[in-house]
Structure formats: C-alpha cells, structure tokens
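What follows is a set of notes on a single structure, which appears directly below.
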Amino acid sequence: MSDPRDSLRRLVEEGALAARQPPPASLRRRARRRRRARAVTIPVVLVAVAGAALPLTRPHDHQPAPATTAAPRTLTADPAKTVSGGLITISGAGCTPGRTVSFGLRWDAGAPLSPTMTQRKEQLNPPATAPTAGSRDLTTTTALATGTFTVKATVPADVTIRAPTLWARCPAPDTTNLLTQSVLIQINNP
C-alpha cells in the first residue's frame, strides 16, 4: 500500500499540471479558429496575387492620355535665403503666354520676425512676431511664348518677416482662372 502523503503529493502535482493546460474543449475551439482563418486567408491571398498579376485595363479599353503641351506649374526663388533689400531671381512656368505675371510676398499674423540690426538698435526689445498679417507687391513681368517667366525682384528693406511666402499670379492657360503659385523664402538679417 502506498503512503497517504505520497498519494496526496501525486494528486497535487496532477492538479497543478491540469491547471497549466487548457481544457480540451478550449484546445478544440482554438484549432477550429485556426483552420477557419487559414481557409479564409489562403483564397484572399491567392485572389490578391492573381489580381496584381493581371493588367488593370484590357488592351481594347485603353485610351491614350491626350498629349499636353502646357508647361508644368513651378515656382522657384534663387537664392531661397536672403536679407531685407536682397535681390532674388524668380522663375516659373504654367502661365498663359504673353500675359502679365505679378509677384509679391505675404505672411500671417504671428509670423516670426527677423529684424535688422538698425531696427534692433532703435527698439530695445523688438517684437518677436508680426502683429498682423500682411503682403507686399514686388514686381511684374510678361510670360514668354512657352508660359515660362523669369524676373529679378528686390525684397523691400522694411520687410523683416523671417519666412514669408513668395507668390506669383498669372492667367492659367485654357481657363479664365488665375493661377497662383507660391514658395517659402527665408530672410535672415544680421
């Protein structure tokens, strides 16, 4: 016969082992879920792979895109960093040939300022941000036959906004709308 303590110890060990293993019903549920997930996932992946391998349109349905001769709409400022009173070359494209292109600067209220040394001396504590929104017209030019433009403009000496938006506005080709393009520039005053 076995010792009652030994029987009790074995019973406790079996109970601990059983407690660590999930019940058989739970194991069967998990196995069913895995089989269902595989049954759904495999066809979805196969359809996705097959769809990616097929062309998106049939050859007889394809219509070539019409050729466009309009220049791309772009605007650049060179240099992109300058000082108040500095000279910037502005270039771009996308305007109606022969039409006037206007240029200017604009900024929002609260825009960081970059005051000149003279302004710092005159005002012991110059403001750090612009109190109001503003804008300044710079110059105009005429778009070339290709719809491109290039012009040199001087940043006004009293503009001390650190990062104003430089804009160009012109009539857009084939529409009655105005095309406005913009690029950020940086004004760093010593």
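If you're wondering about the labels, chains in the structure tokens are A, B, ... by order shown, residues count from 1 in each chain, ligands from 1 in order shown.
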
Skip A:Pro131 itself and residues of its chain fewer than 4 positions away, then list as a list in words all residues within 9 Å of it, counting only C-alpha atoms. Asp108, Ala109, Gly110, Ala111 and Pro127 of chain A

Output C-alpha atoms for every residue in that selection, as a PDB file, in the first residue's frame.
```pdb
ATOM      1  CA  ASP A 108       0.284  85.609 -41.456  1.00  0.00           C
ATOM      2  CA  ALA A 109      -0.149  87.335 -38.122  1.00  0.00           C
ATOM      3  CA  GLY A 110       2.248  85.791 -35.648  1.00  0.00           C
ATOM      4  CA  ALA A 111       4.893  85.057 -38.291  1.00  0.00           C
ATOM      5  CA  PRO A 127       8.630  92.207 -31.195  1.00  0.00           C
TER       6      PRO A 127
END
```

Please provide the set of residues having any atom within 7 Å of A:Gln181, restricted to only C-alpha atoms, with same-chain residues fewer than 5 positions apart removed, written as an mmCIF file with N, CA and C atoms, in the first residue's frame.
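What follows is the written file part-v6.cif:
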```cif
data_model
loop_
_atom_site.group_PDB
_atom_site.id
_atom_site.type_symbol
_atom_site.label_atom_id
_atom_site.label_comp_id
_atom_site.auth_asym_id
_atom_site.auth_seq_id
_atom_site.Cartn_x
_atom_site.Cartn_y
_atom_site.Cartn_z
ATOM 1 N N LEU A 75 7.459 77.112 -59.410
ATOM 2 C CA LEU A 75 7.932 78.421 -58.981
ATOM 3 C C LEU A 75 9.172 78.196 -58.133
ATOM 4 N N TRP A 167 4.893 84.717 -53.847
ATOM 5 C CA TRP A 167 3.856 84.211 -54.738
ATOM 6 C C TRP A 167 3.991 84.818 -56.130
ATOM 7 N N ALA A 168 3.477 84.064 -57.104
ATOM 8 C CA ALA A 168 3.372 84.527 -58.490
ATOM 9 C C ALA A 168 1.947 84.252 -58.932
ATOM 10 N N ARG A 169 1.346 85.222 -59.630
ATOM 11 C CA ARG A 169 -0.049 85.069 -60.070
ATOM 12 C C ARG A 169 -0.136 85.455 -61.536
#
```

From the list A:Pro4, A:Pro112, A:Pro97, A:Gly86, the nearest residue to A:Thr132 using only C-alpha atoms is A:Pro112

List every residue of stretch 2-183 of chain A that DSSP, applied to the backbone of this structure, places in strand (DSSP E or B), and write the result as an NGL selection string.
:A and (74-78 or 81-82 or 87-93 or 100-107 or 112-113 or 129 or 134-142 or 149-154 or 161 or 165-171 or 178-183)

Emit the selected residues as a PDB file, in the first residue's frame, including C-alpha atoms.
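Saved result, again10.pdb, follows:
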```
ATOM      1  CA  THR A  74       6.506  75.536 -60.954  1.00  0.00           C
ATOM      2  CA  LEU A  75       7.932  78.421 -58.981  1.00  0.00           C
ATOM      3  CA  THR A  76      11.478  78.806 -57.679  1.00  0.00           C
ATOM      4  CA  ALA A  77      13.389  81.570 -55.915  1.00  0.00           C
ATOM      5  CA  ASP A  78      17.156  81.858 -56.187  1.00  0.00           C
ATOM      6  CA  LYS A  81      17.667  82.660 -48.379  1.00  0.00           C
ATOM      7  CA  THR A  82      18.334  86.392 -48.487  1.00  0.00           C
ATOM      8  CA  LEU A  87      17.861  90.540 -54.828  1.00  0.00           C
ATOM      9  CA  ILE A  88      16.012  87.315 -55.751  1.00  0.00           C
ATOM     10  CA  THR A  89      15.601  85.708 -59.180  1.00  0.00           C
ATOM     11  CA  ILE A  90      12.109  84.251 -59.515  1.00  0.00           C
ATOM     12  CA  SER A  91      11.424  81.625 -62.204  1.00  0.00           C
ATOM     13  CA  GLY A  92       8.396  79.556 -63.026  1.00  0.00           C
ATOM     14  CA  ALA A  93       6.052  78.116 -65.610  1.00  0.00           C
ATOM     15  CA  THR A 100       1.213  89.620 -67.139  1.00  0.00           C
ATOM     16  CA  VAL A 101       2.665  87.738 -64.171  1.00  0.00           C
ATOM     17  CA  SER A 102       2.518  89.530 -60.785  1.00  0.00           C
ATOM     18  CA  PHE A 103       4.816  88.772 -57.831  1.00  0.00           C
ATOM     19  CA  GLY A 104       4.629  89.543 -54.125  1.00  0.00           C
ATOM     20  CA  LEU A 105       5.242  88.483 -50.539  1.00  0.00           C
ATOM     21  CA  ARG A 106       2.645  87.564 -47.900  1.00  0.00           C
ATOM     22  CA  TRP A 107       2.688  86.453 -44.268  1.00  0.00           C
ATOM     23  CA  PRO A 112       8.407  85.105 -36.768  1.00  0.00           C
ATOM     24  CA  LEU A 113      10.349  88.307 -37.400  1.00  0.00           C
ATOM     25  CA  THR A 129       6.356  88.021 -34.236  1.00  0.00           C
ATOM     26  CA  GLY A 134       0.462  91.435 -44.425  1.00  0.00           C
ATOM     27  CA  SER A 135       1.562  91.392 -48.014  1.00  0.00           C
ATOM     28  CA  ARG A 136       3.770  93.391 -50.318  1.00  0.00           C
ATOM     29  CA  ASP A 137       3.690  93.564 -54.124  1.00  0.00           C
ATOM     30  CA  LEU A 138       7.146  93.169 -55.658  1.00  0.00           C
ATOM     31  CA  THR A 139       7.108  93.411 -59.461  1.00  0.00           C
ATOM     32  CA  THR A 140       5.510  92.174 -62.705  1.00  0.00           C
ATOM     33  CA  THR A 141       6.728  90.600 -65.941  1.00  0.00           C
ATOM     34  CA  THR A 142       5.270  89.016 -69.074  1.00  0.00           C
ATOM     35  CA  PHE A 149       8.854  83.524 -66.753  1.00  0.00           C
ATOM     36  CA  THR A 150      11.981  84.811 -65.029  1.00  0.00           C
ATOM     37  CA  VAL A 151      12.338  88.119 -63.206  1.00  0.00           C
ATOM     38  CA  LYS A 152      14.644  89.722 -60.658  1.00  0.00           C
ATOM     39  CA  ALA A 153      12.953  91.297 -57.644  1.00  0.00           C
ATOM     40  CA  THR A 154      14.262  93.182 -54.626  1.00  0.00           C
ATOM     41  CA  ILE A 161       9.405  88.555 -41.707  1.00  0.00           C
ATOM     42  CA  THR A 165       5.629  83.238 -48.820  1.00  0.00           C
ATOM     43  CA  LEU A 166       6.743  84.439 -52.261  1.00  0.00           C
ATOM     44  CA  TRP A 167       3.856  84.211 -54.738  1.00  0.00           C
ATOM     45  CA  ALA A 168       3.372  84.527 -58.490  1.00  0.00           C
ATOM     46  CA  ARG A 169      -0.049  85.069 -60.070  1.00  0.00           C
ATOM     47  CA  CYS A 170      -0.988  84.855 -63.748  1.00  0.00           C
ATOM     48  CA  PRO A 171      -3.855  83.776 -66.014  1.00  0.00           C
ATOM     49  CA  LEU A 178      -5.864  82.970 -62.214  1.00  0.00           C
ATOM     50  CA  LEU A 179      -3.044  80.597 -61.373  1.00  0.00           C
ATOM     51  CA  THR A 180      -1.309  81.346 -58.070  1.00  0.00           C
ATOM     52  CA  GLN A 181       1.920  79.560 -57.200  1.00  0.00           C
ATOM     53  CA  SER A 182       3.975  80.049 -54.060  1.00  0.00           C
ATOM     54  CA  VAL A 183       7.250  79.132 -52.413  1.00  0.00           C
TER      55      VAL A 183
END
```
